[in-house]
file entry-v7.txt (compact mmCIF, C-alpha atoms and all ligand atoms)
# COMPACT_ATOMS: atom_id res chain seq x y z
CA MET A 1 30.71 -4.08 -23.36
CA ARG A 2 27.50 -2.85 -21.86
CA PRO A 3 27.11 -3.09 -18.10
CA GLN A 4 24.22 -5.40 -17.26
CA ILE A 5 21.84 -5.83 -14.40
CA THR A 6 20.87 -9.42 -14.76
CA ASP A 7 17.86 -9.64 -12.51
CA MET A 8 15.71 -6.79 -13.79
CA HIS A 9 12.82 -7.85 -15.93
CA GLN A 10 9.83 -6.09 -17.37
CA ILE A 11 6.59 -7.35 -15.93
CA THR A 12 3.66 -5.23 -16.99
CA GLY A 13 2.70 -2.18 -18.95
CA PRO A 14 3.23 -1.17 -22.53
CA ARG A 15 5.31 -3.46 -24.71
CA GLN A 16 8.04 -0.88 -24.98
CA ALA A 17 11.10 -2.46 -23.41
CA VAL A 18 12.99 -0.76 -20.65
CA ASP A 19 16.54 -0.19 -21.84
CA LEU A 20 18.81 -1.71 -19.26
CA GLY A 21 21.97 -0.85 -21.11
CA ARG A 22 23.93 2.28 -20.38
CA ALA A 23 24.30 3.42 -16.84
CA HIS A 24 23.71 7.18 -16.60
CA HIS A 25 24.91 7.31 -13.13
CA ARG A 26 26.39 5.04 -10.55
CA ALA A 27 24.21 4.10 -7.61
CA ALA A 28 25.80 5.98 -4.78
CA THR A 29 24.13 5.20 -1.49
CA ALA A 30 23.36 1.72 -0.33
CA PHE A 31 21.09 2.83 2.51
CA ALA A 32 18.93 5.48 0.94
CA HIS A 33 16.79 6.55 3.86
CA SER A 34 17.75 6.32 7.43
CA HIS A 35 15.68 8.02 10.06
CA ARG A 36 14.28 7.34 13.47
CA THR A 37 10.76 6.14 13.92
CA ASP A 38 10.21 6.98 17.57
CA GLY A 39 13.53 7.75 19.18
CA SER A 40 14.56 4.10 19.09
CA LEU A 41 16.78 2.45 16.52
CA PRO A 42 16.89 4.19 13.16
CA VAL A 43 15.04 2.37 10.41
CA ARG A 44 17.61 1.39 7.84
CA GLN A 45 16.39 0.08 4.57
CA ASP A 46 18.82 -1.26 2.02
CA HIS A 47 17.91 0.38 -1.27
CA SER A 48 21.16 -0.37 -3.07
CA ALA A 49 19.59 -2.82 -5.55
CA LEU A 50 16.73 -0.45 -6.33
CA ARG A 51 19.12 2.45 -6.85
CA ALA A 52 21.29 0.38 -9.14
CA ALA A 53 18.21 -0.52 -11.21
CA LEU A 54 17.13 3.12 -11.40
CA ALA A 55 20.62 4.09 -12.46
CA VAL A 56 20.67 1.81 -15.50
CA ALA A 57 17.11 2.47 -16.65
CA THR A 58 17.12 4.80 -19.65
CA GLU A 59 13.34 4.91 -20.07
CA ASP A 60 10.61 5.76 -17.58
CA ALA A 61 9.45 2.85 -15.44
CA ILE A 62 8.15 1.85 -12.03
CA VAL A 63 10.67 -0.50 -10.46
CA TYR A 64 9.89 -2.91 -7.59
CA ASP A 65 12.58 -4.53 -5.50
CA LEU A 66 11.13 -7.93 -4.62
CA ASP A 67 13.90 -8.70 -2.16
CA GLY A 68 13.24 -5.40 -0.37
CA ILE A 69 9.54 -6.26 -0.17
CA GLY A 70 10.51 -9.69 1.11
CA ARG A 71 12.69 -8.15 3.84
CA GLN A 72 9.86 -5.84 4.85
CA TYR A 73 7.50 -8.82 5.03
CA ALA A 74 9.96 -10.81 7.15
CA THR A 75 10.41 -7.89 9.54
CA LEU A 76 6.66 -7.46 9.89
CA CYS A 77 6.17 -11.17 10.60
CA ALA A 78 8.93 -11.04 13.20
CA GLU A 79 7.37 -7.99 14.90
CA LEU A 80 3.94 -9.63 15.06
CA PRO A 81 4.59 -13.34 15.51
CA GLY A 82 1.67 -15.65 14.82
CA VAL A 83 -0.30 -13.01 12.92
CA ALA A 84 -1.47 -14.26 9.51
CA MET A 85 -0.66 -11.78 6.72
CA ARG A 86 -3.15 -11.04 3.95
CA PHE A 87 -1.53 -8.56 1.57
CA ALA A 88 -4.03 -5.86 0.50
CA MET A 89 -3.79 -6.33 -3.26
CA LYS A 90 -5.03 -2.87 -4.14
CA ALA A 91 -1.74 -1.44 -2.84
CA CYS A 92 0.21 -3.21 -5.59
CA PRO A 93 -1.66 -5.51 -7.98
CA VAL A 94 1.52 -6.49 -9.81
CA ASP A 95 1.82 -10.21 -10.56
CA GLU A 96 5.51 -10.48 -9.67
CA VAL A 97 5.00 -8.73 -6.33
CA LEU A 98 1.98 -10.89 -5.50
CA GLY A 99 3.79 -14.05 -6.57
CA HIS A 100 6.77 -13.19 -4.40
CA LEU A 101 4.62 -12.51 -1.35
CA ALA A 102 2.68 -15.74 -1.94
CA ARG A 103 5.94 -17.70 -2.04
CA LEU A 104 6.88 -16.11 1.28
CA GLY A 105 3.63 -17.35 2.83
CA ALA A 106 1.29 -14.38 2.56
CA GLY A 107 -2.36 -14.66 1.70
CA PHE A 108 -4.42 -11.89 0.12
CA ASP A 109 -7.06 -9.34 0.95
CA ALA A 110 -9.04 -9.03 -2.26
CA ALA A 111 -11.81 -6.56 -3.08
CA SER A 112 -13.40 -8.04 -6.21
CA PRO A 113 -13.66 -11.32 -8.13
CA GLN A 114 -11.01 -9.98 -10.51
CA GLU A 115 -8.57 -9.52 -7.63
CA ILE A 116 -9.43 -12.98 -6.32
CA ALA A 117 -8.67 -14.47 -9.75
CA GLN A 118 -5.35 -12.59 -9.83
CA ALA A 119 -4.50 -13.85 -6.35
CA LEU A 120 -5.29 -17.44 -7.38
CA ARG A 121 -2.89 -17.11 -10.31
CA THR A 122 -0.06 -16.91 -7.78
CA GLY A 123 -0.92 -20.49 -6.80
CA VAL A 124 -2.11 -19.53 -3.34
CA ALA A 125 -4.94 -21.65 -1.86
CA PRO A 126 -8.40 -20.04 -1.87
CA GLY A 127 -8.44 -20.41 1.92
CA LEU A 128 -5.68 -17.78 2.09
CA ILE A 129 -7.78 -15.22 0.23
CA HIS A 130 -10.59 -13.27 1.81
CA TYR A 131 -13.06 -10.88 0.29
CA GLY A 132 -12.27 -7.82 2.40
CA ASN A 133 -14.56 -5.38 0.64
CA THR A 134 -17.84 -4.71 2.40
CA VAL A 135 -19.18 -3.39 -0.91
CA LYS A 136 -20.19 -6.22 -3.25
CA SER A 137 -23.08 -7.12 -5.49
CA ASP A 138 -24.87 -10.47 -5.51
CA ARG A 139 -22.95 -11.30 -8.65
CA ASN A 140 -19.60 -10.45 -7.01
CA ILE A 141 -20.37 -12.67 -4.02
CA ALA A 142 -21.43 -15.61 -6.19
CA ALA A 143 -18.30 -15.28 -8.35
CA ALA A 144 -16.05 -15.20 -5.28
CA TYR A 145 -17.79 -18.28 -3.89
CA ARG A 146 -17.32 -20.12 -7.19
CA LEU A 147 -13.63 -19.25 -7.02
CA GLY A 148 -13.43 -20.94 -3.62
CA VAL A 149 -13.45 -17.96 -1.26
CA ARG A 150 -15.24 -18.60 2.02
CA ASP A 151 -14.30 -15.53 4.08
CA PHE A 152 -16.23 -12.30 3.59
CA ALA A 153 -16.08 -8.93 5.33
CA THR A 154 -19.43 -7.34 5.98
CA ASP A 155 -20.92 -4.38 7.79
CA SER A 156 -24.68 -4.44 7.10
CA LEU A 157 -27.69 -6.72 7.30
CA GLU A 158 -28.31 -6.31 3.58
CA ASP A 159 -24.84 -7.60 2.76
CA VAL A 160 -25.13 -10.48 5.25
CA VAL A 161 -28.39 -11.60 3.65
CA ALA A 162 -26.72 -11.54 0.23
CA VAL A 163 -23.69 -13.49 1.47
CA ALA A 164 -25.99 -16.10 3.02
CA GLU A 165 -27.81 -16.50 -0.28
CA HIS A 166 -24.86 -16.48 -2.69
CA ALA A 167 -22.07 -17.90 -0.52
CA PRO A 168 -23.95 -20.27 1.81
CA GLY A 169 -22.18 -21.46 4.93
CA SER A 170 -19.31 -18.98 4.55
CA ARG A 171 -17.48 -17.23 7.38
CA VAL A 172 -18.12 -13.52 7.88
CA PHE A 173 -16.12 -10.79 9.56
CA CYS A 174 -18.03 -7.80 10.82
CA ARG A 175 -16.05 -4.65 10.08
CA ILE A 176 -16.21 -2.11 12.89
CA ALA A 177 -15.87 1.55 11.94
CA THR A 178 -12.98 3.59 13.28
CA THR A 179 -12.54 7.36 13.38
CA GLY A 180 -9.54 7.26 11.06
CA GLU A 181 -7.92 9.89 13.27
CA GLY A 182 -4.17 10.09 12.89
CA ALA A 183 -4.18 8.69 9.35
CA LEU A 184 -3.56 10.51 6.09
CA TRP A 185 -6.51 8.62 4.60
CA GLY A 186 -9.08 7.91 7.32
CA LEU A 187 -11.33 5.45 5.42
CA SER A 188 -13.79 6.28 8.18
CA ARG A 189 -17.22 6.74 6.62
CA LYS A 190 -17.62 4.37 3.71
CA PHE A 191 -16.82 1.17 5.62
CA GLY A 192 -17.67 -0.39 8.93
CA CYS A 193 -20.64 -0.31 11.26
CA ALA A 194 -20.89 1.12 14.75
CA PRO A 195 -19.86 -1.33 17.49
CA GLU A 196 -23.50 -1.47 18.60
CA ASP A 197 -24.53 -2.88 15.18
CA ALA A 198 -22.15 -5.84 15.32
CA PRO A 199 -24.31 -8.20 17.45
CA ARG A 200 -27.25 -7.71 15.07
CA VAL A 201 -25.07 -8.23 11.97
CA LEU A 202 -23.31 -11.35 13.27
CA GLY A 203 -26.48 -12.64 14.98
CA THR A 204 -28.29 -12.45 11.63
CA ALA A 205 -25.34 -14.16 9.94
CA ARG A 206 -25.61 -17.04 12.39
CA ALA A 207 -29.37 -17.27 11.96
CA LEU A 208 -28.89 -17.51 8.18
CA GLY A 209 -26.42 -20.37 8.40
CA LEU A 210 -23.21 -18.34 8.07
CA VAL A 211 -20.34 -18.64 10.53
CA PRO A 212 -19.95 -15.44 12.59
CA SER A 213 -16.23 -15.85 12.38
CA GLY A 214 -14.67 -12.59 13.37
CA LEU A 215 -14.31 -8.84 13.62
CA SER A 216 -12.24 -6.56 11.46
CA LEU A 217 -11.25 -2.92 11.31
CA HIS A 218 -8.93 -0.51 9.53
CA VAL A 219 -7.38 2.38 11.44
CA GLY A 220 -6.85 4.43 8.26
CA SER A 221 -4.08 4.36 5.68
CA GLN A 222 -0.66 5.82 6.51
CA GLN A 223 -1.67 5.86 10.14
CA MET A 224 0.78 8.01 12.08
CA THR A 225 -0.12 7.19 15.70
CA ALA A 226 0.21 4.09 17.87
CA GLU A 227 -2.85 5.18 19.86
CA ALA A 228 -5.10 4.51 16.87
CA TRP A 229 -4.47 0.77 17.27
CA ALA A 230 -4.82 0.83 21.05
CA VAL A 231 -8.16 2.66 20.82
CA ALA A 232 -9.48 0.52 17.96
CA ILE A 233 -8.51 -2.74 19.66
CA ASP A 234 -10.22 -1.62 22.87
CA SER A 235 -13.39 -0.97 20.90
CA LEU A 236 -13.17 -4.57 19.67
CA ALA A 237 -12.94 -5.79 23.27
CA ALA A 238 -16.29 -4.15 23.99
CA VAL A 239 -17.83 -5.72 20.88
CA LEU A 240 -16.53 -9.17 21.85
CA ARG A 241 -18.18 -8.78 25.28
CA ALA A 242 -21.50 -7.77 23.70
CA LEU A 243 -21.31 -10.70 21.28
CA GLY A 244 -20.50 -13.07 24.16
CA ARG A 245 -23.74 -12.02 25.88
CA ARG A 246 -25.59 -13.32 22.79
CA GLY A 247 -23.60 -16.54 22.76
CA ILE A 248 -21.51 -15.53 19.72
CA THR A 249 -17.81 -16.22 20.16
CA PRO A 250 -15.78 -15.22 17.08
CA ASP A 251 -12.30 -16.65 16.96
CA ARG A 252 -10.60 -14.33 14.46
CA ILE A 253 -9.67 -10.67 14.57
CA ASN A 254 -8.54 -8.90 11.43
CA LEU A 255 -6.60 -5.75 12.30
CA GLY A 256 -6.63 -4.48 8.71
CA GLY A 257 -4.01 -2.27 7.09
CA GLY A 258 -2.79 1.18 7.96
CA LEU A 259 0.88 0.57 8.72
CA PRO A 260 2.82 3.41 7.16
CA ALA A 261 5.39 4.00 4.47
CA LEU A 262 8.64 5.22 6.02
CA GLY A 263 10.30 7.31 3.33
CA VAL A 264 7.63 9.81 2.31
CA LEU A 265 7.17 13.48 3.14
CA ASP A 266 4.08 15.34 4.28
CA ARG A 267 2.29 17.93 2.15
CA CYS A 268 4.76 20.54 3.39
CA GLY A 269 7.79 18.48 2.39
CA ARG A 270 8.73 17.45 5.94
CA PRO A 271 9.67 13.79 6.55
CA LEU A 272 6.77 11.76 7.90
CA VAL A 273 8.25 9.89 10.84
CA PRO A 274 5.79 7.29 12.10
CA PRO A 275 6.37 5.73 15.56
CA LEU A 276 6.66 2.28 14.06
CA SER A 277 7.97 0.35 17.01
CA SER A 278 5.33 1.90 19.29
CA MET A 279 2.72 0.82 16.77
CA PHE A 280 3.94 -2.76 16.93
CA THR A 281 3.94 -2.60 20.73
CA ALA A 282 0.36 -1.26 20.74
CA ILE A 283 -0.75 -4.06 18.42
CA ARG A 284 1.01 -6.78 20.44
CA GLU A 285 -0.34 -5.46 23.74
CA GLY A 286 -3.81 -5.06 22.26
CA MET A 287 -3.79 -8.65 21.02
CA GLU A 288 -2.80 -9.83 24.50
CA ARG A 289 -5.64 -7.84 26.11
CA LEU A 290 -8.17 -9.33 23.70
CA ARG A 291 -6.85 -12.86 24.18
CA ALA A 292 -6.93 -12.50 27.96
CA ALA A 293 -10.55 -11.34 27.96
CA HIS A 294 -12.01 -13.72 25.38
CA ALA A 295 -13.58 -17.11 26.06
CA VAL A 296 -12.00 -18.96 23.09
CA PRO A 297 -8.51 -18.73 21.55
CA LEU A 298 -8.23 -15.81 19.13
CA HIS A 299 -6.35 -15.85 15.82
CA PHE A 300 -5.17 -12.58 14.35
CA LEU A 301 -4.81 -11.39 10.78
CA LEU A 302 -3.37 -8.24 9.27
CA GLU A 303 -3.97 -6.74 5.82
CA PRO A 304 -0.82 -4.69 5.20
CA GLY A 305 -0.68 -2.87 1.89
CA ARG A 306 1.32 0.33 1.83
CA HIS A 307 3.84 -0.74 4.49
CA LEU A 308 5.10 -3.71 2.49
CA VAL A 309 5.57 -2.08 -0.89
CA ALA A 310 5.82 1.72 -0.60
CA ASP A 311 9.51 1.99 0.20
CA HIS A 312 10.57 -0.75 -2.20
CA GLY A 313 9.09 0.74 -5.32
CA ALA A 314 10.43 3.79 -7.12
CA ILE A 315 9.87 5.54 -10.41
CA ARG A 316 12.49 6.45 -12.95
CA ALA A 317 10.94 9.47 -14.67
CA HIS A 318 12.40 12.37 -16.61
CA VAL A 319 12.19 16.12 -16.67
CA ALA A 320 9.67 17.48 -19.16
CA ARG A 321 10.69 21.10 -18.55
CA LEU A 322 11.80 23.52 -15.84
CA THR A 323 10.09 26.83 -16.59
CA SER A 324 9.95 30.25 -15.03
CA ARG A 325 7.11 32.74 -15.38
CA HIS A 326 5.08 35.21 -13.35
CA ARG A 327 1.83 34.69 -11.51
CA LEU A 328 -1.04 37.12 -12.01
CA ASP A 329 0.10 39.10 -8.95
CA GLY A 330 3.56 39.49 -10.48
CA THR A 331 5.33 36.93 -8.27
CA PRO A 332 8.01 35.03 -10.17
CA GLU A 333 7.61 31.27 -10.02
CA ARG A 334 9.36 28.22 -11.40
CA TRP A 335 7.54 25.03 -12.33
CA LEU A 336 9.19 21.69 -12.74
CA TYR A 337 7.11 19.42 -14.97
CA LEU A 338 7.92 15.73 -14.75
CA SER A 339 7.01 12.88 -17.07
CA CYS A 340 5.00 11.25 -14.27
CA GLY A 341 2.37 12.69 -12.00
CA LYS A 342 -1.00 12.11 -10.41
CA PHE A 343 -2.40 10.08 -13.28
CA ASN A 344 0.52 7.78 -14.04
CA GLY A 345 2.02 6.72 -10.73
CA LEU A 346 1.81 9.53 -8.19
CA TYR A 347 -1.91 9.67 -7.42
CA GLU A 348 -1.33 10.50 -3.77
CA ILE A 349 0.48 13.81 -4.34
CA ASP A 350 -2.44 15.72 -2.93
CA GLN A 351 -1.74 14.25 0.53
CA LEU A 352 1.99 13.70 0.55
CA GLN A 353 5.22 14.48 -1.25
CA TYR A 354 7.83 12.07 -2.50
CA ARG A 355 11.56 12.44 -2.24
CA LEU A 356 12.95 13.39 -5.64
CA GLU A 357 16.50 12.72 -6.72
CA PHE A 358 18.18 14.15 -9.79
CA PRO A 359 21.04 11.74 -10.42
CA THR A 360 22.72 13.78 -13.15
CA HIS A 361 22.76 16.91 -10.94
CA PRO A 362 24.31 15.84 -7.66
CA GLY A 363 25.52 19.37 -6.91
CA GLY A 364 25.29 22.87 -8.32
CA GLN A 365 22.78 25.60 -7.70
CA PHE A 366 19.28 24.74 -6.50
CA VAL A 367 16.11 26.82 -6.97
CA ASP A 368 12.52 26.64 -5.73
CA ALA A 369 9.94 25.12 -8.04
CA VAL A 370 6.41 23.82 -7.93
CA VAL A 371 6.53 20.18 -9.04
CA ALA A 372 3.83 18.89 -11.37
CA GLY A 373 3.01 16.03 -13.70
CA PRO A 374 2.79 16.02 -17.47
CA THR A 375 -0.96 16.21 -18.11
CA CYS A 376 -3.09 19.18 -19.07
CA ASP A 377 -4.85 19.00 -15.69
CA SER A 378 -4.30 21.41 -12.83
CA ASP A 379 -4.77 18.69 -10.18
CA ASP A 380 -1.67 17.02 -11.54
CA ALA A 381 0.72 18.83 -9.18
CA PHE A 382 2.38 18.33 -5.79
CA ALA A 383 0.39 19.86 -2.93
CA GLN A 384 1.75 23.33 -2.40
CA ALA A 385 0.88 23.63 1.28
CA GLY A 386 4.48 23.99 2.34
CA GLY A 387 5.76 25.93 -0.62
CA PRO A 388 7.95 24.80 -3.46
CA VAL A 389 10.56 22.06 -3.71
CA ARG A 390 14.31 22.68 -4.14
CA VAL A 391 15.44 21.47 -7.56
CA PRO A 392 18.66 21.87 -9.57
CA ARG A 393 18.63 25.07 -11.59
CA ALA A 394 20.36 23.43 -14.53
CA LEU A 395 17.70 20.76 -15.11
CA ALA A 396 17.08 20.17 -18.80
CA SER A 397 14.32 18.36 -20.60
CA GLY A 398 15.09 14.63 -20.59
CA ASP A 399 17.19 14.58 -17.44
CA PRO A 400 16.37 11.53 -15.28
CA VAL A 401 14.44 11.98 -12.04
CA TRP A 402 14.05 9.31 -9.38
CA VAL A 403 10.89 9.35 -7.31
CA HIS A 404 11.46 7.38 -4.12
CA SER A 405 9.09 5.43 -1.88
CA CYS A 406 6.19 5.57 -4.33
CA GLY A 407 5.61 1.81 -4.58
CA ALA A 408 2.19 1.80 -2.89
CA TYR A 409 -0.90 2.49 -4.96
CA ALA A 410 1.27 3.62 -7.90
CA THR A 411 0.08 1.08 -10.43
CA SER A 412 -3.48 0.69 -9.13
CA TYR A 413 -4.30 4.38 -9.33
CA ALA A 414 -2.72 4.93 -12.74
CA THR A 415 -5.21 6.02 -15.38
CA ARG A 416 -5.24 4.66 -18.93
CA GLY A 417 -4.44 7.20 -21.57
CA PHE A 418 -5.30 10.41 -19.69
CA ASN A 419 -4.22 13.00 -22.26
CA GLY A 420 -2.58 10.10 -24.04
CA PHE A 421 -0.18 9.27 -21.21
CA ASP A 422 -0.04 5.53 -20.68
CA PRO A 423 0.65 3.90 -17.32
CA LEU A 424 4.38 3.55 -16.81
CA PRO A 425 5.91 0.18 -17.65
CA CYS A 426 6.48 -1.85 -14.54
CA THR A 427 9.63 -3.84 -13.81
CA SER A 428 10.91 -5.86 -10.91
CA ILE A 429 14.31 -6.83 -9.63
CA GLY A 430 15.33 -9.62 -7.28
CA GLY A 431 13.14 -12.42 -6.02
CA ARG A 432 15.09 -15.02 -7.97
CA ALA A 433 16.06 -17.14 -4.99
CA HIS A 434 12.37 -17.83 -4.45
CA SER A 435 11.15 -18.02 -8.00
CA GLY A 436 13.79 -20.52 -9.07
CA ASP A 437 14.03 -18.57 -12.33
CA ASP A 438 17.64 -17.89 -13.21
CA ALA A 439 17.19 -17.18 -16.87
C1 LIG A 501 -9.99 -3.57 3.57
C2 LIG A 501 -8.62 -3.01 3.43
N1 LIG A 501 -7.59 -3.66 3.98
C3 LIG A 501 -6.33 -3.22 3.86
C4 LIG A 501 -6.04 -2.08 3.15
C5 LIG A 501 -4.60 -1.65 3.04
O1 LIG A 501 -4.38 -0.49 3.72
P1 LIG A 501 -2.92 0.08 3.84
O2 LIG A 501 -2.37 0.23 2.47
O3 LIG A 501 -3.08 1.37 4.56
O4 LIG A 501 -2.11 -0.90 4.63
C6 LIG A 501 -7.08 -1.34 2.59
C7 LIG A 501 -6.78 -0.08 1.89
O5 LIG A 501 -7.56 0.79 1.71
C8 LIG A 501 -8.40 -1.82 2.71
O6 LIG A 501 -9.43 -1.17 2.15
call {"tool": "encode", "arguments": {"input": "entry-v7.txt", "output": "C-alpha cells", "more": "lines below"}}
Ligand SMILES: Cc1ncc(COP(=O)(O)O)c(C=O)c1O
result
Amino acid sequence: MRPQITDMHQITGPRQAVDLGRAHHRAATAFAHSHRTDGSLPVRQDHSALRAALAVATEDAIVYDLDGIGRQYATLCAELPGVAMRFAMKACPVDEVLGHLARLGAGFDAASPQEIAQALRTGVAPGLIHYGNTVKSDRNIAAAYRLGVRDFATDSLEDVVAVAEHAPGSRVFCRIATTGEGALWGLSRKFGCAPEDAPRVLGTARALGLVPSGLSLHVGSQQMTAEAWAVAIDSLAAVLRALGRRGITPDRINLGGGLPALGVLDRCGRPLVPPLSSMFTAIREGMERLRAAHAVPLHFLLEPGRHLVADHGAIRAHVARLTSRHRLDGTPERWLYLSCGKFNGLYEIDQLQYRLEFPTHPGGQFVDAVVAGPTCDSDDAFAQAGGPVRVPRALASGDPVWVHSCGAYATSYATRGFNGFDPLPCTSIGGRAHSGDDA
C-alpha cells in the first residue's frame, strides 16, 4: 500500500499532477530552523508538515503549508494587538493562501484591479482591501472603484486628482518615502513623497472631496533593523504635526510591509538573523508615541508580505547536473545546476541564498559548487559574493533537492516559458480546519 499524505492538494500551475505516492525519504526534523533573532528566545518554527510533504513529492513543486502561515499570522497579530492586517498579495498570489488568510481575518493590500478581483474571490469584503500601489492609471482607479474599493495610497498631486475624478469621495493614504536603509530591497525611490509634500497632497485631496484618511510608509523589504521602524514612525509624527496645523487630522497609519523572512541566508551564505522582537518593540513603542501626540484616536494597519509566507513555502526541485570544469584562468570549478532558479521560483537569488537540502544524501563527502538554475541565462545563478555552496559530491541528475524558506515572491516572480521552463506547479497542505473541506 502506498503511504499517503491526505491533505496535500494541487492548487495552481500546469495540469501535471504532483505524485504524492512513494516517499523517497522520511521527514527527519520537526523543527527545521531554530535560531535566535536578537539574543532572546530562539525562533522555532514547526516545519514537520512541510518536510513530510516535500518528502513524498516525486515531481517538482512549490509547496505551501497553510497551517504554518496561519501560525505566523497568529503570532504577528499577538505581537501587534489591534493592528489590522492587510496581506501584501504580491508576496504570494496563490488562491489557497489568500483564502486561508481571509478566513483568519486578514484583509489585502492589492496593487491592481486584477489583484483586487482575486482578493474578492476569497469572499473578503471590499472594505478590507486597499489599493496600495501609488502607480495607477485612470482606468485602474475606475476599475478598483467599481469593484468596491474605497481606500487608495497616493504620493502625488497628479494621482490625487485622478483618484478624485475616478473614485469620488474615497479615502486616501499619503505614502511617505523612507530611505530603505537596513533592508535588502529598499523600495526607496519609486514610491512615496517627502514629508514636506504630504500637507499639499492631503490638502488637495480634501479640497477635491476625498477623505485625507491616513499616512503610509514601507521601510523596505527584508528589513534587518529595528531602528528603521523607529526612524520612519518618528518621521510620521512630524508629518502629523504639519497636517494638524492645516486642520487635517488623519486617523489611520499604515506601517506597510518589510518584516523579514527568518530562514534565509545572505549573499555570502551566512544566516540572516533579524532582530524580530526588537522590531515588534519598536513598532509598538512607535505606535504609542504617535497615539500620545495625535489629536484623534489612531488606527494602525500593516501590510506584511514576506514575513507571513517565506518560511512556510518550499520547493521540491531536482538536480539537473553536478559538473566540474575549468575557468579561463585554469581554476577548477564545480557547478550544480538545479531544475529551479531565478525564473521559476527563486527570483531573489541575486540578493540572498536559500538553504538547500539534499534528502537522498544525508552524509558522505561534500564539495564546493556554484549553484545555478536550469535556463540558458547567466543571471540564473546564486550570487557568488561569498563563494560556493557545499553540496554532496555524489549528486546525480534527478536527485531531489529541497529549497527552504522560498515561499515569498516565488510564484509572483516566476516567468512563463523562459527557455520553455514553465512555472512550477503549486500545492498546499493543511488549512482544512478552516476550509471545512475534508475530501
Ligand atoms: C505597498 C507594499 N506593501 C507591502 C509590501 C510587502 O512587503 P514585504 O514583503 O517586505 O512585507 C510591498 C512589497 O513590495 C509593497 O509594495
call {"tool": "closest_residue", "arguments": {"input": "entry-v7.txt", "among": "A:Ala261, A:Ala317, A:Val124, A:Ala228", "to": "ligand LIG 501 (chain A)", "atoms": "all atoms listed in the file"}}
result
A:Ala261
call {"tool": "closest_atom_pairs", "arguments": {"input": "entry-v7.txt", "of": "chain A", "to": "ligand LIG 501 (chain A)", "cutoff": "6 Å", "atoms": "only C-alpha atoms and all ligand atoms", "output": "JSON lines"}}
result
{"residue": "A:Ala88", "atom": "CA", "partner": "A:LIG501", "partner_atom": "C3", "distance": 4.9}
{"residue": "A:Ala91", "atom": "CA", "partner": "A:LIG501", "partner_atom": "O2", "distance": 5.6}
{"residue": "A:Gly132", "atom": "CA", "partner": "A:LIG501", "partner_atom": "C1", "distance": 5.0}
{"residue": "A:Asn133", "atom": "CA", "partner": "A:LIG501", "partner_atom": "C1", "distance": 5.7}
{"residue": "A:Ser221", "atom": "CA", "partner": "A:LIG501", "partner_atom": "O3", "distance": 3.3}
{"residue": "A:Gln222", "atom": "CA", "partner": "A:LIG501", "partner_atom": "O3", "distance": 5.4}
{"residue": "A:Gly256", "atom": "CA", "partner": "A:LIG501", "partner_atom": "N1", "distance": 4.9}
{"residue": "A:Gly257", "atom": "CA", "partner": "A:LIG501", "partner_atom": "O4", "distance": 3.4}
{"residue": "A:Gly258", "atom": "CA", "partner": "A:LIG501", "partner_atom": "O3", "distance": 3.4}
{"residue": "A:Leu259", "atom": "CA", "partner": "A:LIG501", "partner_atom": "O4", "distance": 5.3}
{"residue": "A:Glu303", "atom": "CA", "partner": "A:LIG501", "partner_atom": "C3", "distance": 4.7}
{"residue": "A:Pro304", "atom": "CA", "partner": "A:LIG501", "partner_atom": "O4", "distance": 4.0}
{"residue": "A:Gly305", "atom": "CA", "partner": "A:LIG501", "partner_atom": "O2", "distance": 3.6}
{"residue": "A:Arg306", "atom": "CA", "partner": "A:LIG501", "partner_atom": "O2", "distance": 3.7}
{"residue": "A:His307", "atom": "CA", "partner": "A:LIG501", "partner_atom": "O4", "distance": 6.0}
call {"tool": "residues_around", "arguments": {"input": "entry-v7.txt", "residues": "A:Ala153", "least_positions_apart": "3", "cutoff": "8 Å", "atoms": "all atoms listed in the file", "output": "PyMOL selection string"}}
result
chain A and resi 130-134+172-175+216
call {"tool": "residues_around", "arguments": {"input": "entry-v7.txt", "residues": "stretch 374-384 of chain A", "least_positions_apart": "2", "cutoff": "8 Å", "atoms": "all atoms listed in the file", "output": "list in words"}}
result
Arg267, Cys268, Ala320, Tyr337, Leu338, Ser339, Cys340, Gly341, Lys342, Phe343, Ile349, Asp350, Gln351, Leu352, Gln353, Val370, Val371, Ala372, Gly386, Gly387, Pro388, Phe418, Asn419 and Phe421 of chain A
call {"tool": "atom_distance", "arguments": {"input": "entry-v7.txt", "atom1": "atom CA of A:Arg206", "atom2": "atom CA of A:Val163"}}
result
11.6 Å
call {"tool": "closest_atom_pairs", "arguments": {"input": "entry-v7.txt", "of": "stretch 62-111 of chain A", "to": "stretch 400-415 of chain A", "cutoff": "12 Å", "atoms": "all atoms listed in the file", "output": "tab-separated table"}}
result
residue	atom	partner	partner_atom	distance
A:Ile62	CA	A:Gly407	CA	7.9
A:Val63	CA	A:Gly407	CA	8.1
A:Tyr64	CA	A:Gly407	CA	7.0
A:Asp65	CA	A:Gly407	CA	9.5
A:Leu66	CA	A:Gly407	CA	11.2
A:Gly68	CA	A:Gly407	CA	11.3
A:Ile69	CA	A:Gly407	CA	10.0
A:Phe87	CA	A:Ala408	CA	11.9
A:Ala88	CA	A:Ala408	CA	10.4
A:Met89	CA	A:Ser412	CA	9.2
A:Lys90	CA	A:Ser412	CA	6.3
A:Ala91	CA	A:Tyr409	CA	4.5
A:Cys92	CA	A:Tyr409	CA	5.8
A:Pro93	CA	A:Ser412	CA	6.6
A:Val94	CA	A:Thr411	CA	7.7
A:Asp95	CA	A:Thr411	CA	11.4
A:Val97	CA	A:Gly407	CA	10.7
call {"tool": "write_last_selection", "arguments": {"input": "entry-v7.txt", "atoms": "C-alpha atoms", "output": "short mmCIF file (atom, residue, chain, number, x, y, z; two decimals), in the coordinates of the input"}}
result
data_model
loop_
_atom_site.label_atom_id
_atom_site.label_comp_id
_atom_site.auth_asym_id
_atom_site.auth_seq_id
_atom_site.Cartn_x
_atom_site.Cartn_y
_atom_site.Cartn_z
CA ILE A 62 8.15 1.85 -12.03
CA VAL A 63 10.67 -0.50 -10.46
CA TYR A 64 9.89 -2.91 -7.59
CA ASP A 65 12.58 -4.53 -5.50
CA LEU A 66 11.13 -7.93 -4.62
CA GLY A 68 13.24 -5.40 -0.37
CA ILE A 69 9.54 -6.26 -0.17
CA PHE A 87 -1.53 -8.56 1.57
CA ALA A 88 -4.03 -5.86 0.50
CA MET A 89 -3.79 -6.33 -3.26
CA LYS A 90 -5.03 -2.87 -4.14
CA ALA A 91 -1.74 -1.44 -2.84
CA CYS A 92 0.21 -3.21 -5.59
CA PRO A 93 -1.66 -5.51 -7.98
CA VAL A 94 1.52 -6.49 -9.81
CA ASP A 95 1.82 -10.21 -10.56
CA VAL A 97 5.00 -8.73 -6.33
#
